[in-house]
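Content type PDB, C-alpha atoms, from the file upload_27.pdb:
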ATOM      1  CA  MET U   1      27.208   4.923 -12.273  1.00  0.00           C
ATOM      2  CA  ARG U   2      29.350   8.074 -12.132  1.00  0.00           C
ATOM      3  CA  LYS U   3      26.362  10.267 -13.046  1.00  0.00           C
ATOM      4  CA  PHE U   4      24.331   8.594 -10.336  1.00  0.00           C
ATOM      5  CA  LEU U   5      27.001   9.315  -7.707  1.00  0.00           C
ATOM      6  CA  LEU U   6      27.289  12.931  -8.805  1.00  0.00           C
ATOM      7  CA  ALA U   7      23.501  13.290  -8.644  1.00  0.00           C
ATOM      8  CA  LEU U   8      23.484  11.709  -5.200  1.00  0.00           C
ATOM      9  CA  ILE U   9      26.192  14.083  -3.937  1.00  0.00           C
ATOM     10  CA  PHE U  10      24.362  17.094  -5.391  1.00  0.00           C
ATOM     11  CA  ALA U  11      21.027  15.963  -3.928  1.00  0.00           C
ATOM     12  CA  SER U  12      22.496  15.308  -0.493  1.00  0.00           C
ATOM     13  CA  GLU U  13      24.077  18.783  -0.430  1.00  0.00           C
ATOM     14  CA  HIS U  14      20.815  20.314  -1.597  1.00  0.00           C
ATOM     15  CA  LEU U  15      18.721  18.382   0.900  1.00  0.00           C
ATOM     16  CA  HIS U  16      21.086  19.444   3.683  1.00  0.00           C
ATOM     17  CA  ILE U  17      20.443  23.095   2.825  1.00  0.00           C
ATOM     18  CA  MET U  18      16.683  22.547   2.888  1.00  0.00           C
ATOM     19  CA  GLU U  19      16.987  20.663   6.171  1.00  0.00           C
ATOM     20  CA  THR U  20      18.903  23.569   7.693  1.00  0.00           C
ATOM     21  CA  ARG U  21      16.261  26.037   6.585  1.00  0.00           C
ATOM     22  CA  ARG U  22      13.560  23.996   8.283  1.00  0.00           C
ATOM     23  CA  ASP U  23      15.197  24.438  11.668  1.00  0.00           C
ATOM     24  CA  VAL U  24      12.910  26.604  13.793  1.00  0.00           C
ATOM     25  CA  PHE U  25      15.839  27.981  15.809  1.00  0.00           C
ATOM     26  CA  LYS U  26      17.516  29.343  12.690  1.00  0.00           C
ATOM     27  CA  ALA U  27      14.223  30.725  11.450  1.00  0.00           C
ATOM     28  CA  ILE U  28      13.580  32.763  14.590  1.00  0.00           C
ATOM     29  CA  ALA U  29      17.193  33.936  14.783  1.00  0.00           C
ATOM     30  CA  ASP U  30      16.366  36.619  12.227  1.00  0.00           C
ATOM     31  CA  PRO U  31      14.613  39.719  13.641  1.00  0.00           C
ATOM     32  CA  THR U  32      12.585  40.255  10.461  1.00  0.00           C
ATOM     33  CA  ARG U  33      11.174  36.740  10.654  1.00  0.00           C
ATOM     34  CA  ARG U  34      10.332  37.234  14.333  1.00  0.00           C
ATOM     35  CA  ALA U  35       8.520  40.455  13.399  1.00  0.00           C
ATOM     36  CA  ILE U  36       6.612  38.592  10.674  1.00  0.00           C
ATOM     37  CA  ILE U  37       5.578  35.935  13.186  1.00  0.00           C
ATOM     38  CA  ASP U  38       4.379  38.675  15.559  1.00  0.00           C
ATOM     39  CA  LEU U  39       2.252  40.209  12.795  1.00  0.00           C
ATOM     40  CA  VAL U  40       0.716  36.993  11.568  1.00  0.00           C
ATOM     41  CA  ALA U  41       0.157  35.612  15.073  1.00  0.00           C
ATOM     42  CA  ARG U  42      -2.404  38.395  15.640  1.00  0.00           C
ATOM     43  CA  GLU U  43      -4.330  37.608  12.464  1.00  0.00           C
ATOM     44  CA  PRO U  44      -3.796  35.907   9.104  1.00  0.00           C
ATOM     45  CA  LEU U  45      -2.486  38.393   6.536  1.00  0.00           C
ATOM     46  CA  HIS U  46      -1.902  38.350   2.813  1.00  0.00           C
ATOM     47  CA  VAL U  47       1.665  38.617   1.564  1.00  0.00           C
ATOM     48  CA  ASN U  48       1.310  42.232   0.392  1.00  0.00           C
ATOM     49  CA  ALA U  49       0.005  43.349   3.798  1.00  0.00           C
ATOM     50  CA  ILE U  50       3.036  41.755   5.423  1.00  0.00           C
ATOM     51  CA  ALA U  51       5.468  43.269   2.917  1.00  0.00           C
ATOM     52  CA  GLU U  52       4.013  46.748   3.500  1.00  0.00           C
ATOM     53  CA  GLN U  53       5.152  46.574   7.138  1.00  0.00           C
ATOM     54  CA  PHE U  54       8.847  46.366   6.244  1.00  0.00           C
ATOM     55  CA  GLU U  55      11.385  48.533   4.486  1.00  0.00           C
ATOM     56  CA  LEU U  56      12.469  45.543   2.429  1.00  0.00           C
ATOM     57  CA  SER U  57      11.753  44.521  -1.117  1.00  0.00           C
ATOM     58  CA  ARG U  58       8.747  42.283  -1.596  1.00  0.00           C
ATOM     59  CA  GLN U  59      11.158  39.625  -2.840  1.00  0.00           C
ATOM     60  CA  ALA U  60      13.149  39.784   0.422  1.00  0.00           C
ATOM     61  CA  VAL U  61       9.943  39.472   2.456  1.00  0.00           C
ATOM     62  CA  SER U  62       8.901  36.521   0.279  1.00  0.00           C
ATOM     63  CA  LEU U  63      12.193  34.775   1.062  1.00  0.00           C
ATOM     64  CA  HIS U  64      11.609  35.272   4.784  1.00  0.00           C
ATOM     65  CA  LEU U  65       8.089  33.881   4.382  1.00  0.00           C
ATOM     66  CA  LYS U  66       9.463  30.882   2.506  1.00  0.00           C
ATOM     67  CA  VAL U  67      11.821  30.065   5.387  1.00  0.00           C
ATOM     68  CA  LEU U  68       8.982  30.374   7.894  1.00  0.00           C
ATOM     69  CA  VAL U  69       6.765  28.096   5.803  1.00  0.00           C
ATOM     70  CA  GLU U  70       9.577  25.545   5.365  1.00  0.00           C
ATOM     71  CA  CYS U  71      10.204  25.331   9.098  1.00  0.00           C
ATOM     72  CA  GLY U  72       6.484  25.010   9.831  1.00  0.00           C
ATOM     73  CA  LEU U  73       5.861  28.347  11.568  1.00  0.00           C
ATOM     74  CA  LEU U  74       3.601  29.675   8.814  1.00  0.00           C
ATOM     75  CA  ASP U  75       0.987  28.156   6.588  1.00  0.00           C
ATOM     76  CA  MET U  76       0.389  29.843   3.244  1.00  0.00           C
ATOM     77  CA  LYS U  77      -2.921  29.322   1.446  1.00  0.00           C
ATOM     78  CA  GLN U  78      -4.084  30.617  -1.882  1.00  0.00           C
ATOM     79  CA  GLN U  79      -7.350  32.602  -1.743  1.00  0.00           C
ATOM     80  CA  GLY U  80      -8.193  33.811  -5.198  1.00  0.00           C
ATOM     81  CA  ARG U  81      -5.274  35.951  -6.311  1.00  0.00           C
ATOM     82  CA  GLU U  82      -3.940  36.426  -2.783  1.00  0.00           C
ATOM     83  CA  ARG U  83      -1.689  34.215  -0.685  1.00  0.00           C
ATOM     84  CA  ILE U  84      -2.769  34.317   2.946  1.00  0.00           C
ATOM     85  CA  CYS U  85      -0.246  33.594   5.703  1.00  0.00           C
ATOM     86  CA  GLU U  86      -1.430  32.065   8.946  1.00  0.00           C
ATOM     87  CA  ALA U  87       0.700  31.427  12.025  1.00  0.00           C
ATOM     88  CA  LYS U  88       1.345  27.851  13.118  1.00  0.00           C
ATOM     89  CA  LEU U  89       3.098  28.347  16.408  1.00  0.00           C
ATOM     90  CA  GLU U  90       3.240  24.760  17.652  1.00  0.00           C
ATOM     91  CA  LYS U  91       6.885  24.479  16.569  1.00  0.00           C
ATOM     92  CA  LEU U  92       7.754  27.252  19.019  1.00  0.00           C
ATOM     93  CA  ASN U  93       7.082  24.691  21.764  1.00  0.00           C
ATOM     94  CA  ASP U  94      10.458  23.154  20.833  1.00  0.00           C
ATOM     95  CA  VAL U  95      12.102  26.513  21.496  1.00  0.00           C
ATOM     96  CA  ASN U  96      10.185  26.976  24.733  1.00  0.00           C
ATOM     97  CA  GLU U  97      11.213  23.537  25.997  1.00  0.00           C
ATOM     98  CA  TRP U  98      14.857  24.194  25.180  1.00  0.00           C
ATOM     99  CA  VAL U  99      14.822  27.631  26.836  1.00  0.00           C
ATOM    100  CA  SER U 100      12.974  26.232  29.873  1.00  0.00           C
ATOM    101  CA  ARG U 101      15.833  23.830  30.593  1.00  0.00           C
ATOM    102  CA  TYR U 102      18.289  26.701  30.763  1.00  0.00           C
ATOM    103  CA  ARG U 103      15.895  28.958  32.655  1.00  0.00           C
ATOM    104  CA  SER U 104      15.602  26.300  35.339  1.00  0.00           C
ATOM    105  CA  PHE U 105      19.385  25.796  35.386  1.00  0.00           C
ATOM    106  CA  TRP U 106      20.084  29.516  35.845  1.00  0.00           C
ATOM    107  CA  GLU U 107      17.291  30.021  38.372  1.00  0.00           C
ATOM    108  CA  ASN U 108      18.829  27.260  40.489  1.00  0.00           C
ATOM    109  CA  LYS U 109      22.272  28.827  40.189  1.00  0.00           C
ATOM    110  CA  LEU U 110      20.963  32.286  41.098  1.00  0.00           C
ATOM    111  CA  ASP U 111      18.999  30.886  44.055  1.00  0.00           C
ATOM    112  CA  ALA U 112      22.172  29.180  45.288  1.00  0.00           C
ATOM    113  CA  LEU U 113      24.124  32.433  44.880  1.00  0.00           C
ATOM    114  CA  ASP U 114      21.421  34.313  46.785  1.00  0.00           C
ATOM    115  CA  GLU U 115      21.626  31.807  49.657  1.00  0.00           C
ATOM    116  CA  PHE U 116      25.423  32.022  49.655  1.00  0.00           C
ATOM    117  CA  LEU U 117      25.314  35.822  49.817  1.00  0.00           C
ATOM    118  CA  LYS U 118      22.749  35.752  52.635  1.00  0.00           C
ATOM    119  CA  ASP U 119      24.899  33.288  54.590  1.00  0.00           C
ATOM    120  CA  THR U 120      28.014  35.383  53.978  1.00  0.00           C
ATOM    121  CA  LYS U 121      26.232  38.538  55.120  1.00  0.00           C
ATOM    122  CA  HIS U 122      25.105  36.895  58.365  1.00  0.00           C
ATOM    123  CA  THR U 123      28.553  35.502  59.203  1.00  0.00           C
ATOM    124  CA  THR U 124      30.377  38.808  58.800  1.00  0.00           C
TER     125      THR U 124
END
Structure encoded using structure tokens:
Amino acid sequence: MRKFLLALIFASEHLHIMETRRDVFKAIADPTRRAIIDLVAREPLHVNAIAEQFELSRQAVSLHLKVLVECGLLDMKQQGRERICEAKLEKLNDVNEWVSRYRSFWENKLDALDEFLKDTKHTT
């Protein structure tokens, strides 16, 4: 029973890490990953072609790709000896929806400020 509980604790900690990595907001927080998305959004590219665009080790680029695959922003397919990365940008809709709420909030605030300033200008 003790081994089972230890395994459960270890697994839950491990699964939490994987869950965190799948978060699209954390994935796009990194500028290198955003640059990778920009590249692959134009056309599917193999891993080496992506790595050549950065002054990072191929291993570092592979880790960024892994995060993007885990969060669902990239799909990686094997074609012969090459792994081809293709953008899957549907998950960015979550980001767009979240940003849209705040865009609307701030636009309303700025419109109200504009009206206030116009009213103040006319009364002075």
Put a box with edges along x, y and z around all the listed atoms of stretch 66-84 of chain U, pad it by 8 Å on each side, then give me its centre and sizes in Å, one decimal, as AutoDock Vina command-line options.
--center_x 1.8 --center_y 30.7 --center_z 2.6 --size_x 36.0 --size_y 27.4 --size_z 33.9
Give one line per residue of stretch 73-106 of chain U that approaches stretch 44-59 of chain U to at most 9 Å, naming the two atoms of the closest pair and their distance in Å to one decimal, counting all atoms listed in the file; sort by chain then ascending residue number and deliver it as CSV.
residue,atom,partner,partner_atom,distance
U:Met76,CA,U:His46,CA,8.8
U:Glu82,CA,U:His46,CA,6.3
U:Arg83,CA,U:His46,CA,5.4
U:Ile84,CA,U:His46,CA,4.1
U:Cys85,CA,U:Leu45,CA,5.4
U:Glu86,CA,U:Pro44,CA,4.5
U:Ala87,CA,U:Pro44,CA,7.0
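Pairwise distance (atom CA of U:Arg22, atom CA of U:Asn93) equals 15.0 Å.
In this structure, atom CA of U:Trp98 sits 24.7 Å away from atom CA of U:Asp114.
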Atom CA of U:Leu65 and atom CA of U:Leu89 are how many Å apart?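 Distance reported for this atom pair: 14.1 Å.
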Here's the selection I'm unsure about, the PyMOL selection byres ((chain U and resi 69) around 10); applied to the file above, which residues does it give, as a list in words?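 Here the PyMOL selection byres ((chain U and resi 69) around 10) matches Arg21, Arg22, Ala27, Leu63, His64, Leu65, Lys66, Val67, Leu68, Glu70, Cys71, Gly72, Leu73, Leu74, Asp75, Met76, Cys85, Glu86, Ala87 and Lys88 of chain U.
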Quick one: of U:Val40, U:His122, U:Leu117, U:Val24, who's nearest to U:Asn96, counting all atoms listed in the file?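 Smallest separation from U:Asn96 among the options: U:Val24.
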Give as a list in words the set of residues within 6 Å of the point (15.3, 31.4, 19.5), where distances use the file's coordinates and all atoms listed in the file.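 Residues with an atom at most 6 Å from (15.3, 31.4, 19.5): Phe25, Ile28 and Ala29 of chain U.
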Generate the missing atoms of stretch 21-36 of chain U up to N, CA and C atoms and report them as a short mmCIF file (atom, residue, chain, number, x, y, z; two decimals), in the frame of the given file.
data_model
loop_
_atom_site.label_atom_id
_atom_site.label_comp_id
_atom_site.auth_asym_id
_atom_site.auth_seq_id
_atom_site.Cartn_x
_atom_site.Cartn_y
_atom_site.Cartn_z
N ARG U 21 17.25 24.97 6.63
CA ARG U 21 16.26 26.04 6.58
C ARG U 21 15.02 25.68 7.39
N ARG U 22 14.76 24.40 7.57
CA ARG U 22 13.56 24.00 8.28
C ARG U 22 13.73 24.07 9.80
N ASP U 23 14.93 24.36 10.25
CA ASP U 23 15.20 24.44 11.67
C ASP U 23 14.55 25.69 12.27
N VAL U 24 13.66 25.50 13.21
CA VAL U 24 12.91 26.60 13.79
C VAL U 24 13.83 27.58 14.52
N PHE U 25 14.91 27.10 15.10
CA PHE U 25 15.84 27.98 15.81
C PHE U 25 16.52 28.95 14.85
N LYS U 26 16.91 28.46 13.68
CA LYS U 26 17.52 29.34 12.69
C LYS U 26 16.48 30.31 12.13
N ALA U 27 15.27 29.85 12.00
CA ALA U 27 14.22 30.72 11.45
C ALA U 27 13.96 31.91 12.37
N ILE U 28 13.90 31.67 13.68
CA ILE U 28 13.58 32.76 14.59
C ILE U 28 14.81 33.57 14.97
N ALA U 29 15.98 33.16 14.50
CA ALA U 29 17.19 33.94 14.78
C ALA U 29 17.18 35.28 14.07
N ASP U 30 16.41 35.38 13.00
CA ASP U 30 16.37 36.62 12.23
C ASP U 30 15.27 37.55 12.77
N PRO U 31 15.61 38.80 13.08
CA PRO U 31 14.61 39.72 13.64
C PRO U 31 13.45 40.01 12.70
N THR U 32 13.69 40.02 11.41
CA THR U 32 12.58 40.26 10.46
C THR U 32 11.59 39.11 10.51
N ARG U 33 12.08 37.89 10.58
CA ARG U 33 11.17 36.74 10.65
C ARG U 33 10.41 36.73 11.97
N ARG U 34 11.06 37.14 13.06
CA ARG U 34 10.33 37.23 14.33
C ARG U 34 9.24 38.29 14.24
N ALA U 35 9.53 39.40 13.57
CA ALA U 35 8.52 40.46 13.40
C ALA U 35 7.36 39.96 12.54
N ILE U 36 7.67 39.16 11.52
CA ILE U 36 6.61 38.59 10.67
C ILE U 36 5.74 37.66 11.50
#
